[in-house]
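A short write-up of the structure that comes next.
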Amino acid sequence: MEFSYQNPTLIEFGKGKIARIKDLIPKEKTILMVYGGGSIKKNGVYDQVKEALAGHTWFEFGGVEPNPTKETLDKAVVFGREKGADYILAVGGGSVLDGCKYIANAYYYEGDGWDILEGKYTASQAPQIGAVLTLAATGSESNSGSVITKAATKEKRFFHSKLSYPQFCVLDPDVLKSLDERQLANGIIDSFVHTCEQYLTYSHGAMAQDYYSEGILKALAGLAQTFDKRDDLWYANLMWLANQALNGLIGLGVPQDWATHYIGHELSGLYGIDHARTLAIIQPNLLRVLADDKKEKLLQMGKNVFYMDVKDPEEVIKKIEELYSSLHVKLKLSSYTDDKELQSKVLFLLEKHGFVDFGDRGLVSKEVVEKILDMSL
Ligand code: NZQ
Ligand code: ZN
């Protein structure tokens with residue numbers, strides 16, 4: 001266990017908290033308010049933001065897509081600069097927040113913003129970001145990660161930057177009530193897999209990280225069980241659990257294995273499949289292929305999360321699949337695409353993006369990915 005930890009994002013959690021942005025953004029700032037496809041104009045979030053910003057100078061840029069593209073975000077950069085904006089307010093789900101992190105990091109760069117994703121440019125300054133989160137899933141509201149797609153090449157890549165942490169984030173669980181069941185299920189699954197990626201590795205004895213992860217997993221499984229009886233507390237729990245799953249805390253100083261995410265990102269880039277749905281397909285099969293290597297943690301998860309007394313990791317993997325299926329999520333790629341070249345395309349992109357022998361111990365070789373994809377078709 002060895003780590004440095006600082007999470008600088010102020011969190012305002014609770015009903016009616018959008019009004020707080022009035023005081024959180026300095027009055028002298030010119031704000032670029034960025035949102036997605038328009039859900040905020042139907043569910044009252046836009047009106048609340050508008051009211052809160054009545055005393056500020058602000059401009060709006062809408063149209064950031066789910067799986068946000070650099071092509072759209074580059075337009076936001078140009079627009080923001082034209083308007084003289086020096087503060088970015090993200091209002092939306094993970095895609096809008098990730099998009100704003102790209103906008104901020106590309107803002108003072110004259111070159112192509114994609115260079116950031118390729119590791120060719122690292123920003124040393126950026127406008128500050130504030131956020132109003134409308135979808136609980138990614139944890140983007142208080143982490144430094146951002147996942148961006150280049151539509152021209154169908155590549156989906158990620159970058160981390162200290163400048164990407166939002167200065168503040170408003171988490172009002174009430175705004176989740178306008179989400180459809182597909183996005184709510186996505187939120188549970190994405191948070192569940194985030195926790196697994198930092199937990200299902202090998203025994204290390206870091207107790208806070210292990211037991212906290214198990215608590216989050218148990219709670220998320222509980223939310224799946226009560227999916228049809230959603231009340232205020234259900235939404236509040238989902239919002240906070242999703243945040244805790246990927247705000248950096250549970251992964252401190254312990255091995256992590258993001259292989260499911262890396263394979264999933266290529267699938268979203270190629271076929272536009274919802275992020276969480278790629279994870280639900282890939283993760284159980286990845287665990288199957290690596291069952292011997294992850295046996296200890298899988299059995300620990302069975303015991304402490306699902307209260308199962310089993311010796312075979314396959315029983316635990318089946319339980320995870322049951323959880324996803326109970327949320328009506330399809331577990332085969334054939335439900336989304338019949339591309340005969342899927343395997344070769346995914347393998348090509350993984351290699352291009354530097355994912356060769358990856359995973360917590362470098363066990364995810366090309367052959368392992370092939371096996372996982374074979375089982376997932
Ligand atoms: O665009 P609008 O009209 O707002 O509609 C969105 C979008 O269609 C809608 N929505 C959001 N809030 C709503 C709402 N609809 C009704 N009521 C509301 N309150 O939901 C749809 C999906 O939104 P999106 O932001 O794409 O979803 P999510 O939050 O799941 O974000 C997914 C993106 O985040 C990345 C994923 O790869 C994907 O690109 N990730 C980011 C991570 C990070 N930054 O740490 C980690 C994750 O592993 C993930 O990779
Ligand atoms: Zn994720």
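In the structure tokens, the first chain shown is A, the next is B, and so on; residue numbers restart at 1 for each chain, and ligands run from 1 in the order shown.
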Dump the neighbourhood of ligand 2 as a PyMOL selection string: all residues within 7 Å, distances computed on only C-alpha atoms and all ligand atoms.
-> chain A and resi 138+190-191+193-194+261+275-276
Write out as a VMD selection string each polymer residue (protein, DNA or RNA) that has an atom no more than 7 Å from ligand 1, with only C-alpha atoms and all ligand atoms counted.
-> chain A and resid 35 to 40 43 64 to 68 92 to 96 98 134 to 140 143 to 148 175 to 180 183 186 to 187 190 194 246 261 265 275 to 276
Pull the helix (DSSP H, G or I) assignments for region 88-313 of chain A out of DSSP run on the backbone, and list those residues as JSON, numbers by chain.
-> {"A": [94, 95, 96, 97, 98, 99, 100, 101, 102, 103, 104, 105, 106, 114, 115, 116, 117, 140, 141, 142, 162, 163, 164, 173, 174, 175, 176, 177, 178, 181, 182, 183, 184, 185, 186, 187, 188, 189, 190, 191, 192, 193, 194, 195, 196, 197, 207, 208, 209, 210, 211, 212, 213, 214, 215, 216, 217, 218, 219, 220, 221, 222, 223, 224, 225, 227, 228, 229, 232, 233, 234, 235, 236, 237, 238, 239, 240, 241, 242, 243, 244, 245, 259, 260, 261, 262, 263, 264, 265, 266, 267, 268, 269, 270, 271, 275, 276, 277, 278, 279, 280, 281, 282, 283, 284, 285, 286, 287, 288, 289, 295, 296, 297, 298, 299, 300, 301, 302, 303, 304, 313]}
CA of Asp338 (chain A) to CA of Tyr324 (chain A): how many Å, to one decimal?
->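 Going from CA of Asp338 (chain A) over to CA of Tyr324 (chain A) covers 22.0 Å.
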Region 341-355 of chain A surroundings by only C-alpha atoms, 10 Å radius, close-in-sequence under 6 positions cut, as a PyMOL selection string = chain A and resi 118+154-157+259+262-267+269-271+333+362+364-367+369-374+377
Emit the selected residues as a CSV table (one decimal), in the first residue's frame, including N, CA, C and O atoms.
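Ended up saving to part-v1.csv:
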```csv
chain,number,residue,atom,x,y,z
A,118,GLU,N,-3.8,11.0,-27.4
A,118,GLU,CA,-2.7,10.2,-27.9
A,118,GLU,C,-1.4,10.4,-27.1
A,118,GLU,O,-0.3,9.9,-27.4
A,154,LYS,N,-13.5,6.0,-35.5
A,154,LYS,CA,-14.2,5.1,-34.5
A,154,LYS,C,-13.3,4.7,-33.4
A,154,LYS,O,-13.4,3.5,-32.9
A,155,GLU,N,-12.4,5.5,-33.0
A,155,GLU,CA,-11.5,5.2,-31.8
A,155,GLU,C,-12.1,5.9,-30.6
A,155,GLU,O,-12.5,7.0,-30.6
A,156,LYS,N,-12.1,5.1,-29.5
A,156,LYS,CA,-12.5,5.7,-28.2
A,156,LYS,C,-11.3,5.5,-27.3
A,156,LYS,O,-10.8,4.4,-27.0
A,157,ARG,N,-10.8,6.7,-26.8
A,157,ARG,CA,-9.6,6.7,-25.9
A,157,ARG,C,-9.9,7.5,-24.7
A,157,ARG,O,-10.8,8.3,-24.6
A,259,ALA,N,-9.2,-4.3,-17.6
A,259,ALA,CA,-9.2,-4.9,-18.9
A,259,ALA,C,-10.7,-4.9,-19.5
A,259,ALA,O,-10.8,-4.7,-20.7
A,262,TYR,N,-11.2,-1.6,-21.1
A,262,TYR,CA,-10.5,-1.3,-22.3
A,262,TYR,C,-11.1,-2.1,-23.5
A,262,TYR,O,-11.2,-1.5,-24.6
A,263,ILE,N,-11.5,-3.3,-23.3
A,263,ILE,CA,-12.2,-4.0,-24.4
A,263,ILE,C,-13.5,-3.3,-24.7
A,263,ILE,O,-13.9,-3.1,-25.9
A,264,GLY,N,-14.2,-3.0,-23.6
A,264,GLY,CA,-15.6,-2.3,-23.8
A,264,GLY,C,-15.5,-1.0,-24.6
A,264,GLY,O,-16.3,-0.7,-25.4
A,265,HIS,N,-14.4,-0.2,-24.3
A,265,HIS,CA,-14.3,1.0,-25.0
A,265,HIS,C,-14.2,0.8,-26.5
A,265,HIS,O,-14.8,1.6,-27.3
A,266,GLU,N,-13.4,-0.2,-26.9
A,266,GLU,CA,-13.3,-0.4,-28.4
A,266,GLU,C,-14.6,-0.8,-29.0
A,266,GLU,O,-15.0,-0.4,-30.1
A,267,LEU,N,-15.4,-1.5,-28.2
A,267,LEU,CA,-16.8,-1.9,-28.7
A,267,LEU,C,-17.7,-0.8,-28.8
A,267,LEU,O,-18.5,-0.7,-29.8
A,269,GLY,N,-16.7,2.3,-29.3
A,269,GLY,CA,-16.1,3.1,-30.4
A,269,GLY,C,-16.6,2.6,-31.8
A,269,GLY,O,-17.0,3.3,-32.6
A,270,LEU,N,-16.5,1.3,-31.9
A,270,LEU,CA,-16.8,0.6,-33.2
A,270,LEU,C,-18.3,0.6,-33.5
A,270,LEU,O,-18.8,0.8,-34.6
A,271,TYR,N,-19.1,0.3,-32.4
A,271,TYR,CA,-20.5,0.0,-32.7
A,271,TYR,C,-21.5,0.9,-31.9
A,271,TYR,O,-22.7,0.7,-32.1
A,333,LEU,N,-22.9,-10.0,-27.7
A,333,LEU,CA,-22.7,-9.0,-28.7
A,333,LEU,C,-23.6,-9.1,-29.9
A,333,LEU,O,-23.9,-8.1,-30.6
A,362,GLY,N,-0.7,-8.6,-16.4
A,362,GLY,CA,-0.3,-8.7,-17.8
A,362,GLY,C,-0.8,-10.0,-18.4
A,362,GLY,O,-0.2,-10.6,-19.4
A,364,VAL,N,-3.8,-10.6,-19.9
A,364,VAL,CA,-4.8,-10.5,-21.0
A,364,VAL,C,-4.0,-10.3,-22.3
A,364,VAL,O,-3.8,-9.2,-22.8
A,365,SER,N,-3.7,-11.5,-22.8
A,365,SER,CA,-2.9,-11.5,-24.1
A,365,SER,C,-3.9,-11.5,-25.2
A,365,SER,O,-5.1,-11.5,-25.0
A,366,LYS,N,-3.4,-11.4,-26.5
A,366,LYS,CA,-4.2,-11.4,-27.7
A,366,LYS,C,-5.1,-12.7,-27.6
A,366,LYS,O,-6.3,-12.7,-27.9
A,367,GLU,N,-4.5,-13.8,-27.3
A,367,GLU,CA,-5.3,-15.1,-27.3
A,367,GLU,C,-6.4,-15.0,-26.2
A,367,GLU,O,-7.5,-15.6,-26.5
A,369,VAL,N,-8.0,-12.3,-25.2
A,369,VAL,CA,-9.0,-11.4,-25.7
A,369,VAL,C,-9.9,-12.2,-26.8
A,369,VAL,O,-11.1,-12.1,-26.8
A,370,GLU,N,-9.2,-13.0,-27.6
A,370,GLU,CA,-9.9,-13.8,-28.6
A,370,GLU,C,-10.9,-14.7,-28.0
A,370,GLU,O,-12.1,-14.8,-28.4
A,371,LYS,N,-10.5,-15.4,-26.9
A,371,LYS,CA,-11.3,-16.3,-26.2
A,371,LYS,C,-12.5,-15.6,-25.6
A,371,LYS,O,-13.7,-16.0,-25.7
A,372,ILE,N,-12.3,-14.4,-25.0
A,372,ILE,CA,-13.3,-13.6,-24.4
A,372,ILE,C,-14.4,-13.2,-25.4
A,372,ILE,O,-15.6,-13.4,-25.2
A,373,LEU,N,-13.8,-12.7,-26.6
A,373,LEU,CA,-14.8,-12.3,-27.6
A,373,LEU,C,-15.5,-13.5,-28.2
A,373,LEU,O,-16.7,-13.4,-28.5
A,374,ASP,N,-14.9,-14.6,-28.4
A,374,ASP,CA,-15.6,-15.8,-28.9
A,374,ASP,C,-16.8,-16.1,-28.0
A,374,ASP,O,-17.8,-16.5,-28.5
A,377,LEU,N,-19.8,-13.4,-28.4
A,377,LEU,CA,-20.5,-13.1,-29.7
A,377,LEU,C,-22.0,-13.4,-29.6
A,377,LEU,O,-22.4,-14.3,-28.9
```
Residue with smallest distance to Asp274 (chain A) - pool A:Lys294, A:Lys150, A:Arg20, A:Arg182, counting only C-alpha atoms |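 Looking only at the distances to Asp274 (chain A), the closest residue turns out to be A:Arg182.
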Can you list, as a PyMOL selection string, every protein, DNA or RNA residue that comes within 8 Å of Tyr202 (chain A) when you count only C-alpha atoms, leaving out same-chain residues fewer than 4 positions away?
-> chain A and resi 255+293-294+296-297
How would the residues just chosen look if you wrote them out with all heavy atoms as a CSV table (one decimal), in the first residue's frame?
```
chain,number,residue,atom,x,y,z
A,255,PRO,N,-3.8,-3.4,-6.4
A,255,PRO,CA,-3.8,-3.7,-7.8
A,255,PRO,C,-5.2,-3.4,-8.4
A,255,PRO,O,-6.2,-3.6,-7.8
A,255,PRO,CB,-3.5,-5.2,-7.8
A,255,PRO,CG,-3.7,-5.7,-6.4
A,255,PRO,CD,-3.5,-4.5,-5.5
A,293,ASP,N,-6.9,-17.5,-12.1
A,293,ASP,CA,-6.0,-16.4,-11.5
A,293,ASP,C,-6.8,-15.5,-10.6
A,293,ASP,O,-6.2,-14.9,-9.7
A,293,ASP,CB,-5.5,-15.6,-12.7
A,293,ASP,CG,-4.9,-16.5,-13.8
A,293,ASP,OD1,-3.8,-17.0,-13.5
A,293,ASP,OD2,-5.5,-16.7,-14.8
A,294,LYS,N,-8.1,-15.4,-10.8
A,294,LYS,CA,-8.9,-14.5,-9.9
A,294,LYS,C,-9.7,-15.3,-8.9
A,294,LYS,O,-10.6,-14.7,-8.2
A,294,LYS,CB,-9.8,-13.6,-10.8
A,294,LYS,CG,-9.0,-12.6,-11.6
A,294,LYS,CD,-9.9,-11.7,-12.4
A,294,LYS,CE,-9.2,-10.7,-13.3
A,294,LYS,NZ,-8.6,-9.6,-12.6
A,296,GLU,N,-9.3,-16.5,-5.8
A,296,GLU,CA,-9.4,-16.1,-4.4
A,296,GLU,C,-10.3,-14.9,-4.3
A,296,GLU,O,-11.2,-14.9,-3.4
A,296,GLU,CB,-8.0,-15.6,-4.0
A,296,GLU,CG,-7.1,-16.7,-3.4
A,296,GLU,CD,-5.8,-16.2,-2.9
A,296,GLU,OE1,-5.2,-15.3,-3.7
A,296,GLU,OE2,-5.4,-16.5,-1.9
A,297,LYS,N,-10.2,-13.9,-5.1
A,297,LYS,CA,-11.1,-12.7,-5.0
A,297,LYS,C,-12.5,-13.1,-5.4
A,297,LYS,O,-13.4,-12.5,-4.8
A,297,LYS,CB,-10.5,-11.6,-5.8
A,297,LYS,CG,-9.4,-10.8,-5.1
A,297,LYS,CD,-9.5,-10.5,-3.7
A,297,LYS,CE,-9.9,-9.1,-3.2
A,297,LYS,NZ,-9.2,-8.0,-3.6
```
Shell around Gln48 (chain A) at 9 Å using only C-alpha atoms, local window under 4 positions removed, as a list of chain:residue names =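 Counting only the stated atoms, we get A:Gly16, A:Ile18, A:Ala19, A:Gly44, A:Ala52, A:Leu53.
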Store the residues picked out above in a file with N, CA, C and O atoms, as an mmCIF file, in the first residue's frame.
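Output contents, as saved in out_22.cif:
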```cif
data_model
loop_
_atom_site.group_PDB
_atom_site.id
_atom_site.type_symbol
_atom_site.label_atom_id
_atom_site.label_comp_id
_atom_site.auth_asym_id
_atom_site.auth_seq_id
_atom_site.Cartn_x
_atom_site.Cartn_y
_atom_site.Cartn_z
ATOM 1 N N GLY A 16 -32.523 20.366 -4.609
ATOM 2 C CA GLY A 16 -32.502 21.823 -4.737
ATOM 3 C C GLY A 16 -31.116 22.445 -4.762
ATOM 4 O O GLY A 16 -30.968 23.666 -4.783
ATOM 5 N N ILE A 18 -28.927 22.718 -7.035
ATOM 6 C CA ILE A 18 -28.443 23.386 -8.257
ATOM 7 C C ILE A 18 -28.341 24.899 -8.014
ATOM 8 O O ILE A 18 -27.444 25.568 -8.546
ATOM 9 N N ALA A 19 -29.206 25.407 -7.156
ATOM 10 C CA ALA A 19 -29.185 26.847 -6.857
ATOM 11 C C ALA A 19 -27.823 27.299 -6.318
ATOM 12 O O ALA A 19 -27.448 28.468 -6.442
ATOM 13 N N GLY A 44 -36.467 20.162 -16.413
ATOM 14 C CA GLY A 44 -36.385 21.260 -15.440
ATOM 15 C C GLY A 44 -34.981 21.627 -14.993
ATOM 16 O O GLY A 44 -34.791 22.633 -14.312
ATOM 17 N N ALA A 52 -30.235 30.050 -11.553
ATOM 18 C CA ALA A 52 -29.059 30.221 -10.688
ATOM 19 C C ALA A 52 -28.022 31.146 -11.323
ATOM 20 O O ALA A 52 -27.284 31.837 -10.626
ATOM 21 N N LEU A 53 -27.965 31.154 -12.661
ATOM 22 C CA LEU A 53 -26.938 31.956 -13.350
ATOM 23 C C LEU A 53 -27.440 33.353 -13.746
ATOM 24 O O LEU A 53 -26.768 34.052 -14.514
#
```
Write out as a list in words each polymer residue whose atoms come within 10 Å of Asn105 (chain A), counting only C-alpha atoms; drop sequence neighbours fewer than 6 positions from it.
->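 Neighbouring residues, sequence-local ones excluded: Val77, Gly113, Ile116, Tyr121, Thr122, Ala123, Ser124, Gln125, Ala126, Pro127, Gln128, Ser161, Lys162, Leu163 and Ser164 of chain A.
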Written selection (all heavy atoms) as a short mmCIF file (atom, residue, chain, number, x, y, z; two decimals), in the first residue's frame:
```cif
data_model
loop_
_atom_site.label_atom_id
_atom_site.label_comp_id
_atom_site.auth_asym_id
_atom_site.auth_seq_id
_atom_site.Cartn_x
_atom_site.Cartn_y
_atom_site.Cartn_z
N VAL A 77 -14.95 24.23 -28.26
CA VAL A 77 -13.73 24.97 -27.94
C VAL A 77 -13.72 26.30 -28.72
O VAL A 77 -13.50 27.38 -28.15
CB VAL A 77 -12.46 24.14 -28.28
CG1 VAL A 77 -11.20 24.99 -28.16
CG2 VAL A 77 -12.35 22.92 -27.36
N GLY A 113 -6.77 18.78 -30.58
CA GLY A 113 -7.07 18.29 -29.23
C GLY A 113 -6.89 16.78 -29.07
O GLY A 113 -6.67 16.28 -27.97
N ILE A 116 -4.10 15.15 -27.09
CA ILE A 116 -4.20 14.87 -25.64
C ILE A 116 -4.48 13.39 -25.43
O ILE A 116 -3.90 12.75 -24.55
CB ILE A 116 -5.33 15.73 -25.01
CG1 ILE A 116 -5.07 17.22 -25.23
CG2 ILE A 116 -5.50 15.40 -23.53
CD1 ILE A 116 -6.26 18.11 -24.92
N TYR A 121 0.28 15.62 -26.12
CA TYR A 121 0.21 16.95 -25.52
C TYR A 121 -0.43 16.85 -24.14
O TYR A 121 -1.43 16.14 -23.96
CB TYR A 121 -0.64 17.89 -26.40
CG TYR A 121 -0.97 19.20 -25.72
CD1 TYR A 121 -0.01 20.17 -25.54
CD2 TYR A 121 -2.27 19.45 -25.24
CE1 TYR A 121 -0.31 21.37 -24.89
CE2 TYR A 121 -2.57 20.65 -24.60
CZ TYR A 121 -1.60 21.60 -24.43
OH TYR A 121 -1.89 22.78 -23.79
N THR A 122 0.17 17.53 -23.18
CA THR A 122 -0.41 17.58 -21.83
C THR A 122 -0.60 19.05 -21.48
O THR A 122 0.35 19.83 -21.53
CB THR A 122 0.55 16.95 -20.80
OG1 THR A 122 0.83 15.61 -21.24
CG2 THR A 122 -0.08 16.89 -19.42
N ALA A 123 -1.83 19.41 -21.15
CA ALA A 123 -2.12 20.81 -20.86
C ALA A 123 -1.48 21.21 -19.53
O ALA A 123 -1.42 20.42 -18.58
CB ALA A 123 -3.63 21.03 -20.78
N SER A 124 -0.98 22.46 -19.50
CA SER A 124 -0.44 22.96 -18.23
C SER A 124 -1.37 24.02 -17.64
O SER A 124 -1.18 24.45 -16.51
CB SER A 124 0.96 23.55 -18.45
OG SER A 124 0.89 24.53 -19.46
N GLN A 125 -2.36 24.44 -18.40
CA GLN A 125 -3.39 25.33 -17.87
C GLN A 125 -4.71 25.03 -18.56
O GLN A 125 -4.73 24.53 -19.69
CB GLN A 125 -3.00 26.80 -18.09
CG GLN A 125 -2.68 27.12 -19.53
CD GLN A 125 -2.68 28.62 -19.82
OE1 GLN A 125 -3.24 29.41 -19.07
NE2 GLN A 125 -2.07 29.02 -20.92
N ALA A 126 -5.80 25.33 -17.86
CA ALA A 126 -7.13 25.08 -18.41
C ALA A 126 -8.14 25.89 -17.63
O ALA A 126 -7.91 26.19 -16.45
CB ALA A 126 -7.47 23.59 -18.27
N PRO A 127 -9.26 26.26 -18.27
CA PRO A 127 -10.31 26.92 -17.48
C PRO A 127 -10.85 25.95 -16.44
O PRO A 127 -10.83 24.74 -16.66
CB PRO A 127 -11.41 27.23 -18.52
CG PRO A 127 -10.89 26.82 -19.84
CD PRO A 127 -9.63 26.05 -19.67
N GLN A 128 -11.33 26.46 -15.33
CA GLN A 128 -11.91 25.58 -14.31
C GLN A 128 -13.24 25.02 -14.79
O GLN A 128 -13.94 25.65 -15.61
CB GLN A 128 -12.13 26.37 -13.03
CG GLN A 128 -10.89 26.42 -12.16
CD GLN A 128 -11.21 26.97 -10.78
OE1 GLN A 128 -11.94 27.94 -10.66
NE2 GLN A 128 -10.64 26.37 -9.77
N SER A 161 -6.07 13.96 -16.26
CA SER A 161 -5.36 15.21 -16.05
C SER A 161 -5.81 15.79 -14.71
O SER A 161 -7.01 15.76 -14.39
CB SER A 161 -5.70 16.19 -17.18
OG SER A 161 -5.40 17.51 -16.78
N LYS A 162 -4.87 16.34 -13.96
CA LYS A 162 -5.23 16.99 -12.70
C LYS A 162 -6.16 18.17 -12.97
O LYS A 162 -6.97 18.54 -12.13
CB LYS A 162 -3.97 17.51 -12.00
CG LYS A 162 -3.30 16.44 -11.18
CD LYS A 162 -2.20 17.06 -10.32
CE LYS A 162 -1.50 15.97 -9.54
NZ LYS A 162 -0.24 16.40 -8.98
N LEU A 163 -6.02 18.76 -14.17
CA LEU A 163 -6.84 19.92 -14.50
C LEU A 163 -8.29 19.53 -14.79
O LEU A 163 -9.15 20.39 -14.97
CB LEU A 163 -6.25 20.62 -15.74
CG LEU A 163 -4.82 21.14 -15.59
CD1 LEU A 163 -4.25 21.57 -16.94
CD2 LEU A 163 -4.79 22.31 -14.61
N SER A 164 -8.56 18.23 -14.86
CA SER A 164 -9.91 17.77 -15.21
C SER A 164 -10.83 17.62 -14.01
O SER A 164 -12.04 17.47 -14.18
CB SER A 164 -9.83 16.43 -15.95
OG SER A 164 -9.24 16.59 -17.22
#
```
